[in-house]
$ cat structure.cif   # mmCIF, C-alpha atoms
data_start
loop_
_atom_site.label_atom_id
_atom_site.label_comp_id
_atom_site.auth_asym_id
_atom_site.auth_seq_id
_atom_site.Cartn_x
_atom_site.Cartn_y
_atom_site.Cartn_z
CA MET I 18 66.28 -12.20 32.72
CA THR I 19 67.07 -8.64 33.79
CA TYR I 20 68.09 -7.57 37.27
CA GLU I 21 64.81 -5.73 37.71
CA GLU I 22 62.84 -8.91 37.05
CA ASP I 23 65.12 -10.71 39.50
CA ASP I 24 64.44 -8.09 42.18
CA ARG I 25 60.71 -8.38 41.69
CA ALA I 26 60.78 -12.19 41.77
CA PHE I 27 62.87 -12.13 44.94
CA LEU I 28 60.49 -9.73 46.70
CA ARG I 29 57.45 -11.72 45.59
CA GLY I 30 58.94 -14.93 47.01
CA PHE I 31 59.96 -13.15 50.20
CA ARG I 32 56.41 -11.84 50.71
CA ASP I 33 54.58 -15.05 49.67
CA ALA I 34 56.57 -17.08 52.19
CA PHE I 35 55.41 -15.13 55.25
CA PRO I 36 52.91 -17.87 56.30
CA ILE I 37 55.81 -20.33 56.08
CA PHE I 38 57.82 -18.07 58.40
CA VAL I 39 55.02 -18.22 60.99
CA SER I 40 54.52 -21.98 60.83
CA TYR I 41 58.26 -22.69 60.77
CA PHE I 42 58.76 -20.47 63.79
CA THR I 43 56.15 -22.29 65.85
CA VAL I 44 57.03 -25.83 64.72
CA SER I 45 60.73 -25.22 65.25
CA LEU I 46 60.11 -24.33 68.91
CA ALA I 47 59.38 -28.05 69.32
CA VAL I 48 62.52 -28.95 67.37
CA GLY I 49 64.55 -26.77 69.73
CA ILE I 50 62.99 -28.44 72.78
CA ASN I 51 63.81 -31.89 71.34
CA ALA I 52 67.36 -30.80 70.49
CA LYS I 53 67.91 -29.44 73.98
CA ASN I 54 66.63 -32.71 75.49
CA ALA I 55 69.11 -34.62 73.31
CA GLY I 56 71.99 -32.60 74.76
CA LEU I 57 72.49 -29.89 72.13
CA SER I 58 73.23 -26.31 73.20
CA VAL I 59 71.18 -23.34 71.94
CA LEU I 60 73.92 -22.49 69.43
CA GLN I 61 74.23 -26.08 68.22
CA SER I 62 70.45 -26.35 67.82
CA GLY I 63 70.40 -23.14 65.78
CA LEU I 64 73.35 -24.25 63.65
CA MET I 65 71.61 -27.55 62.90
CA SER I 66 68.45 -25.75 61.78
CA PHE I 67 70.40 -23.16 59.75
CA LEU I 68 72.42 -25.81 57.88
CA ASN I 69 69.69 -28.45 57.43
CA LEU I 70 66.26 -26.76 57.27
CA THR I 71 64.36 -30.06 57.42
CA SER I 72 61.87 -30.94 60.15
CA THR I 73 61.72 -34.68 59.46
CA GLY I 74 65.45 -34.97 58.91
CA GLN I 75 66.28 -33.08 62.08
CA ALA I 76 63.80 -35.05 64.17
CA ALA I 77 65.50 -38.28 63.06
CA GLY I 78 68.97 -36.74 63.40
CA ILE I 79 68.29 -35.56 66.95
CA GLU I 80 67.02 -39.03 67.86
CA ILE I 81 70.19 -40.60 66.44
CA ILE I 82 72.50 -38.10 68.17
CA LYS I 83 70.74 -38.81 71.47
CA ASN I 84 71.67 -42.50 71.03
CA HIS I 85 75.23 -41.60 69.89
CA GLY I 86 74.68 -43.11 66.45
CA ALA I 87 77.39 -43.26 63.78
CA PHE I 88 77.98 -40.39 61.31
CA LEU I 89 77.24 -42.74 58.41
CA GLU I 90 73.92 -43.65 59.98
CA LEU I 91 73.10 -39.94 60.34
CA ALA I 92 74.00 -39.24 56.72
CA LEU I 93 72.10 -42.25 55.37
CA SER I 94 69.02 -41.38 57.42
CA GLN I 95 69.03 -37.84 55.97
CA ILE I 96 69.28 -39.20 52.42
CA ALA I 97 66.46 -41.71 53.01
CA ILE I 98 64.20 -39.20 54.74
CA ASN I 99 64.85 -36.40 52.28
CA LEU I 100 64.85 -38.48 49.09
CA ARG I 101 61.70 -36.61 48.18
CA TYR I 102 63.84 -33.49 47.66
CA LEU I 103 65.31 -35.27 44.63
CA LEU I 104 61.86 -35.46 43.11
CA MET I 105 61.06 -31.86 44.09
CA GLY I 106 64.37 -30.58 42.72
CA THR I 107 63.65 -32.45 39.52
CA ALA I 108 60.16 -31.00 39.28
CA LEU I 109 61.39 -27.43 39.89
CA ALA I 110 64.33 -27.81 37.46
CA VAL I 111 61.94 -28.42 34.57
CA ARG I 112 59.91 -25.29 35.46
CA LEU I 113 62.91 -22.98 35.01
CA ARG I 114 63.58 -21.12 31.78
CA PRO I 115 66.18 -23.26 29.93
CA GLY I 116 69.82 -22.22 29.98
CA GLN I 117 70.10 -20.96 33.57
CA SER I 118 73.63 -20.79 34.96
CA LEU I 119 74.71 -23.33 37.57
CA GLY I 120 74.76 -20.62 40.23
CA ARG I 121 71.14 -19.72 39.56
CA ARG I 122 70.07 -23.38 39.57
CA LEU I 123 71.80 -23.82 42.94
CA LEU I 124 69.72 -20.91 44.32
CA VAL I 125 66.70 -23.16 43.72
CA SER I 126 68.36 -26.20 45.28
CA ILE I 127 69.28 -24.76 48.65
CA GLY I 128 65.71 -23.61 49.28
CA ILE I 129 63.98 -26.94 48.70
CA THR I 130 61.64 -27.90 51.56
CA ASP I 131 58.12 -29.33 51.43
CA GLU I 132 56.51 -25.93 51.98
CA ILE I 133 58.77 -23.83 49.69
CA PHE I 134 58.36 -26.48 47.02
CA ALA I 135 54.59 -26.28 47.36
CA LEU I 136 54.69 -22.49 46.84
CA SER I 137 57.22 -22.58 44.00
CA ALA I 138 55.57 -25.41 42.10
CA SER I 139 52.15 -23.76 42.19
CA GLY I 140 53.37 -20.32 41.07
CA PRO I 141 53.63 -18.93 37.52
CA LYS I 142 55.83 -20.52 34.85
CA PRO I 143 58.67 -20.10 34.05
CA LEU I 144 59.86 -20.18 37.63
CA SER I 145 62.49 -17.61 38.61
CA PRO I 146 65.34 -18.97 40.76
CA LEU I 147 65.17 -15.69 42.68
CA TYR I 148 61.57 -16.43 43.66
CA VAL I 149 62.66 -19.64 45.40
CA PHE I 150 65.58 -17.80 46.98
CA GLY I 151 63.16 -15.12 48.25
CA CYS I 152 61.04 -17.82 49.88
CA TYR I 153 64.17 -19.27 51.45
CA CYS I 154 65.30 -15.90 52.85
CA MET I 155 61.93 -15.44 54.57
CA SER I 156 61.54 -19.04 55.82
CA MET I 157 65.01 -20.00 56.99
CA PRO I 158 65.31 -17.33 59.74
CA GLY I 159 61.91 -18.37 61.15
CA TRP I 160 63.13 -21.95 61.39
CA THR I 161 66.51 -21.10 62.87
CA ILE I 162 65.35 -18.46 65.37
CA GLY I 163 62.40 -20.61 66.48
CA THR I 164 64.72 -23.55 67.12
CA MET I 165 67.06 -21.41 69.24
CA ILE I 166 64.19 -19.92 71.24
CA GLY I 167 62.74 -23.41 71.78
CA ALA I 168 66.11 -24.70 72.97
CA ALA I 169 66.55 -21.69 75.26
CA LEU I 170 63.02 -21.58 76.70
CA GLY I 171 62.44 -25.33 76.90
CA ASN I 172 63.59 -25.20 80.52
CA ILE I 173 61.48 -22.17 81.43
CA LEU I 174 58.12 -23.41 80.12
CA PRO I 175 56.05 -25.57 82.50
CA LEU I 176 56.55 -29.31 82.02
CA SER I 177 52.92 -29.83 80.96
CA VAL I 178 53.31 -27.28 78.14
CA VAL I 179 56.63 -28.75 76.96
CA SER I 180 55.07 -32.21 77.04
CA ALA I 181 52.10 -31.08 74.91
CA LEU I 182 54.42 -29.25 72.45
CA SER I 183 56.61 -32.35 72.14
CA ILE I 184 53.89 -34.02 70.10
CA ALA I 185 53.80 -31.14 67.56
CA LEU I 186 56.40 -32.59 65.20
CA TYR I 187 54.90 -36.07 65.21
CA ALA I 188 51.44 -34.59 64.72
CA MET I 189 52.83 -32.68 61.74
CA PHE I 190 54.32 -35.86 60.22
CA THR I 191 50.99 -37.64 60.67
CA TYR I 192 49.16 -34.72 59.07
CA LEU I 193 51.66 -34.50 56.18
CA VAL I 194 51.18 -38.17 55.37
CA ILE I 195 47.40 -38.53 55.91
CA GLU I 196 46.27 -35.29 54.25
CA PRO I 197 47.57 -36.18 50.74
CA ALA I 198 47.13 -39.94 51.19
CA LYS I 199 43.39 -39.80 51.83
CA LYS I 200 42.80 -39.20 48.09
CA SER I 201 44.15 -42.64 47.16
CA ARG I 202 43.38 -46.12 48.46
CA ILE I 203 46.88 -47.28 47.57
CA LEU I 204 48.43 -44.48 49.65
CA VAL I 205 46.12 -45.13 52.60
CA GLY I 206 47.12 -48.81 52.48
CA LEU I 207 50.78 -47.83 52.20
CA VAL I 208 50.55 -45.58 55.27
CA ILE I 209 48.81 -48.27 57.36
CA VAL I 210 51.27 -50.99 56.31
CA SER I 211 54.23 -48.67 57.03
CA MET I 212 52.96 -47.82 60.52
CA LEU I 213 52.24 -51.46 61.37
CA MET I 214 55.66 -52.56 60.07
CA SER I 215 57.25 -49.82 62.17
CA LEU I 216 55.46 -51.08 65.28
CA LEU I 217 56.34 -54.69 64.45
CA THR I 218 60.01 -53.82 63.89
CA ASP I 219 60.16 -52.10 67.30
CA ARG I 220 58.76 -55.24 68.91
CA LEU I 221 60.82 -57.85 67.02
CA LEU I 222 64.12 -55.94 66.69
CA PRO I 223 64.33 -53.55 69.65
CA ALA I 224 68.11 -53.25 69.18
CA LEU I 225 67.77 -51.75 65.68
CA SER I 226 68.39 -48.00 65.82
CA PHE I 227 65.72 -45.49 64.83
CA GLY I 228 67.68 -44.21 61.81
CA MET I 229 68.37 -47.69 60.46
CA LYS I 230 64.73 -48.66 60.94
CA VAL I 231 63.60 -45.65 58.88
CA ILE I 232 66.12 -46.39 56.12
CA ILE I 233 65.43 -50.13 55.86
CA LEU I 234 61.63 -49.88 56.02
CA THR I 235 61.60 -47.01 53.49
CA VAL I 236 63.69 -48.93 50.96
CA VAL I 237 61.85 -52.24 51.41
CA ILE I 238 58.25 -50.96 51.53
CA ALA I 239 58.67 -48.30 48.80
CA THR I 240 60.34 -50.88 46.53
CA VAL I 241 57.50 -53.37 47.01
CA ALA I 242 54.91 -50.62 46.43
CA SER I 243 56.71 -49.46 43.26
CA ILE I 244 56.70 -53.02 41.88
CA LEU I 245 53.07 -53.73 42.80
CA PHE I 246 51.65 -50.30 41.93
CA PRO I 247 53.88 -48.50 39.40
CA ILE I 248 52.57 -44.99 38.79
CA ALA I 249 52.07 -43.15 35.53
CA GLU I 250 53.30 -39.55 35.23
CA GLU I 251 49.77 -38.09 35.29
CA GLU I 252 48.90 -39.47 38.74
CA GLU I 253 51.92 -37.79 40.25
CA LYS I 254 50.82 -34.33 39.06
CA ASN I 255 47.78 -34.51 41.34
CA ASP I 256 50.08 -34.66 44.32
CA MET N 3 86.22 -28.62 72.74
CA THR N 4 84.92 -31.62 74.65
CA ASP N 5 84.40 -34.96 72.89
CA GLY N 6 80.64 -34.59 73.31
CA ASN N 7 80.65 -31.21 71.56
CA LEU N 8 82.92 -32.45 68.80
CA TYR N 9 80.57 -35.36 68.22
CA ILE N 10 77.58 -33.01 67.98
CA TYR N 11 79.29 -30.60 65.56
CA LEU N 12 80.46 -33.47 63.33
CA SER N 13 76.95 -34.95 63.48
CA ILE N 14 75.43 -31.64 62.36
CA ILE N 15 77.93 -31.44 59.49
CA SER N 16 77.25 -35.07 58.43
CA MET N 17 73.53 -34.33 58.33
CA ALA N 18 73.98 -31.04 56.46
CA VAL N 19 76.24 -32.57 53.79
CA ALA N 20 73.79 -35.44 53.17
CA THR N 21 70.64 -33.30 53.18
CA ASN N 22 72.06 -30.64 50.89
CA LEU N 23 73.59 -33.23 48.58
CA VAL N 24 70.07 -34.54 47.95
CA ARG N 25 68.95 -30.95 47.33
CA VAL N 26 71.65 -30.00 44.80
CA LEU N 27 71.96 -33.30 42.89
CA PRO N 28 69.10 -32.54 40.47
CA SER N 29 70.65 -29.14 39.63
CA LEU N 30 74.08 -30.68 39.11
CA LEU N 31 73.13 -33.79 37.17
CA LEU N 32 69.71 -33.50 35.70
CA LYS N 33 69.48 -32.49 32.09
CA ARG N 34 66.00 -33.92 31.49
CA PRO N 35 63.14 -35.35 33.59
CA ILE N 36 63.36 -38.88 35.00
CA ARG N 37 61.40 -41.24 32.74
CA ASN N 38 62.04 -44.60 34.45
CA THR N 39 58.73 -45.71 35.95
CA PHE N 40 60.27 -47.67 38.81
CA ILE N 41 62.47 -44.75 39.94
CA ARG N 42 59.56 -42.30 39.64
CA SER N 43 57.31 -44.64 41.63
CA PHE N 44 59.95 -45.19 44.28
CA LEU N 45 60.58 -41.45 44.70
CA TYR N 46 56.83 -40.93 44.89
CA TYR N 47 56.12 -43.60 47.54
CA ALA N 48 59.27 -43.23 49.68
CA PRO N 49 58.26 -40.05 51.56
CA TYR N 50 54.92 -41.57 52.64
CA VAL N 51 56.69 -44.61 54.07
CA THR N 52 59.38 -42.51 55.76
CA LEU N 53 56.94 -40.12 57.40
CA SER N 54 54.65 -42.97 58.52
CA VAL N 55 57.51 -44.92 60.07
CA MET N 56 58.82 -41.79 61.80
CA ALA N 57 55.40 -40.81 63.11
CA PHE N 58 54.24 -44.16 64.44
CA PRO N 59 54.62 -45.53 67.05
CA SER N 60 57.05 -42.73 68.15
CA ILE N 61 54.13 -40.31 68.51
CA LEU N 62 52.70 -42.46 71.33
CA TYR N 63 55.87 -42.02 73.39
CA SER N 64 56.56 -38.38 72.45
CA THR N 65 54.95 -36.72 75.47
CA GLY N 66 55.63 -39.15 78.30
CA ASN N 67 51.86 -39.62 78.77
CA PHE N 68 50.70 -42.57 76.65
CA TYR N 69 46.95 -41.93 76.75
CA GLY N 70 47.38 -38.19 76.20
CA ALA N 71 49.55 -38.92 73.16
CA LEU N 72 47.09 -41.54 71.87
CA THR N 73 44.34 -38.91 72.10
CA GLY N 74 46.58 -36.55 70.12
CA PHE N 75 47.27 -39.18 67.46
CA ILE N 76 43.54 -39.81 66.94
CA CYS N 77 42.89 -36.07 66.97
CA VAL N 78 45.44 -35.25 64.24
CA ILE N 79 44.13 -38.09 62.04
CA LEU N 80 40.60 -36.69 62.32
CA LEU N 81 41.83 -33.13 61.64
CA SER N 82 43.69 -34.39 58.55
CA PHE N 83 40.33 -35.29 57.05
CA THR N 84 38.99 -31.74 57.50
CA LYS N 85 40.05 -28.55 55.74
CA ALA N 86 41.80 -27.27 58.86
CA GLY N 87 45.28 -27.15 57.30
CA MET N 88 48.64 -28.13 58.75
CA PHE N 89 49.05 -25.28 61.20
CA ILE N 90 45.68 -25.65 62.96
CA SER N 91 45.85 -29.47 62.86
CA THR N 92 49.28 -29.52 64.49
CA PHE N 93 48.68 -26.96 67.20
CA GLY N 94 45.06 -27.95 67.73
CA THR N 95 46.49 -31.37 68.54
CA CYS N 96 48.95 -29.83 71.03
CA LEU N 97 46.07 -28.06 72.74
CA ILE N 98 43.97 -31.26 72.90
CA VAL N 99 46.97 -33.15 74.31
CA TYR N 100 47.48 -30.44 76.92
CA LEU N 101 43.84 -30.75 77.98
CA ALA N 102 43.92 -34.57 77.82
CA GLN N 103 46.90 -34.61 80.16
CA LEU N 104 44.82 -32.82 82.76
CA VAL N 105 42.45 -35.81 82.62
CA PHE N 106 44.73 -38.83 82.27
#

$ encode --input "structure.cif" --output "structure tokens"
Amino acid sequence: MTYEEDDRAFLRGFRDAFPIFVSYFTVSLAVGINAKNAGLSVLQSGLMSFLNLTSTGQAAGIEIIKNHGAFLELALSQIAINLRYLLMGTALAVRLRPGQSLGRRLLVSIGITDEIFALSASGPKPLSPLYVFGCYCMSMPGWTIGTMIGAALGNILPLSVVSALSIALYAMFTYLVIEPAKKSRILVGLVIVSMLMSLLTDRLLPALSFGMKVIILTVVIATVASILFPIAEEEEKND
Amino acid sequence: MTDGNLYIYLSIISMAVATNLVRVLPSLLLKRPIRNTFIRSFLYYAPYVTLSVMAFPSILYSTGNFYGALTGFICVILLSFTKAGMFISTFGTCLIVYLAQLVF
């Protein structure tokens, strides 16, 4: 691939990702507010967003930090929560023109998020690593700056507004799980079982930390689902 | 640096190493697609379980107003069944919760 093609792919990704910039900016305001409430400074909140770029992972991480959880618990929770990135990375890797250098493949890796994956996986084939990097360069600042502004302004906004914004992340998780799941009875059942097990675990084992709960329930329920309802490759493509 | 700050910085680094490890592993290791049905199924189902467990019942305690949050939870489920999209569903829910809190 020539440099000119690279430039064009980068600019296309940068431009296509503008809606992601807007939604990241607004959602990350809530992340910043949560981070601030957990005791992180504005700089620390921004650093976390810059280095992690994961709404679900950071929500769990912030919860664990608030409870002074162990570093291993933090790391394991990130792996469990972001396991899907393995699948996304795998899916994007096979869309690249064969024979890309390691450096170019890593450009794809660092940009993997739900939204950038959705853009990159629905674009033209073969995928250019610079397209994904362009998406990343547009999206990441929205996420990081939004987090810092949320952490800084959390104290200025009226309590009722902060309280209403605090539900944004959880509303997004609910949306992200229901919207694709509604197409499949198995997925709807999986979501309901997961939520009920989560509630039950809170009641029966209140001492279990949030991060450990997420890890254990994910491994147990996803394993049972995989044994009971193994999926063929075609079904996955409809995702 | 205070102990509290050191803890937070090390926490952020632990998270970043783990998250980005998951991101780069396919590029480092993968030479061909995963064929094993169990692994594929597990990777497919895991995010649904994770997000569900993270969302519920935490969402009910996220705002400090149980009934307001419950209204929001019902609202975002209903919006998920429309074509509203993530952005409108999420912030529409915030708006509804804001209004609900004026009532409850």

$ atom_distance --input "structure.cif" --atom1 "atom CA of Ile203 of chain I" --atom2 "atom CA of Ser72 of chain I"
25.5 Å

$ resolve_selection --input "structure.cif" --expression "the PyMOL selection byres ((chain I) within 6 of (chain N))" --output "ChimeraX atom specification"
/I:65,68-69,88,91-92,95-96,98,101-103,106-107,122,126,180-185,187-192,194,196,208,211-212,215-216,235,239,243,247-248

$ closest_residue --input "structure.cif" --among "I:Gly167, I:Gly228, I:Pro146, I:Pro223" --to "Arg25 of chain I" --atoms "all atoms listed in the file"
I:Pro146

$ resolve_selection --input "structure.cif" --expression "the PyMOL selection byres ((chain I and resi 53-64) around 10)" --output "count of residues only"
42

$ atom_distance --input "structure.cif" --atom1 "atom CA of Leu186 of chain I" --atom2 "atom CA of Leu213 of chain I"
19.7 Å

$ atom_distance --input "structure.cif" --atom1 "atom CA of Glu90 of chain I" --atom2 "atom CA of Met105 of chain I"
23.6 Å

$ residues_around --input "structure.cif" --residues "Ile37 of chain I" --least-positions-apart "4" --cutoff "8 Å" --atoms "all atoms listed in the file" --output "count of residues only"
5

$ axis_aligned_box --input "structure.cif" --around "segment 16-25 of chain N" --padding-each-side "8 Å" --output "lines of an AutoDock Vina configuration file"
center_x = 73.1
center_y = -33.0
center_z = 52.9
size_x = 24.3
size_y = 20.8
size_z = 27.1

$ closest_residue --input "structure.cif" --among "I:Leu147, I:Leu123, I:Gly78, I:Phe134" --to "Tyr20 of chain I" --atoms "all atoms listed in the file"
I:Leu147
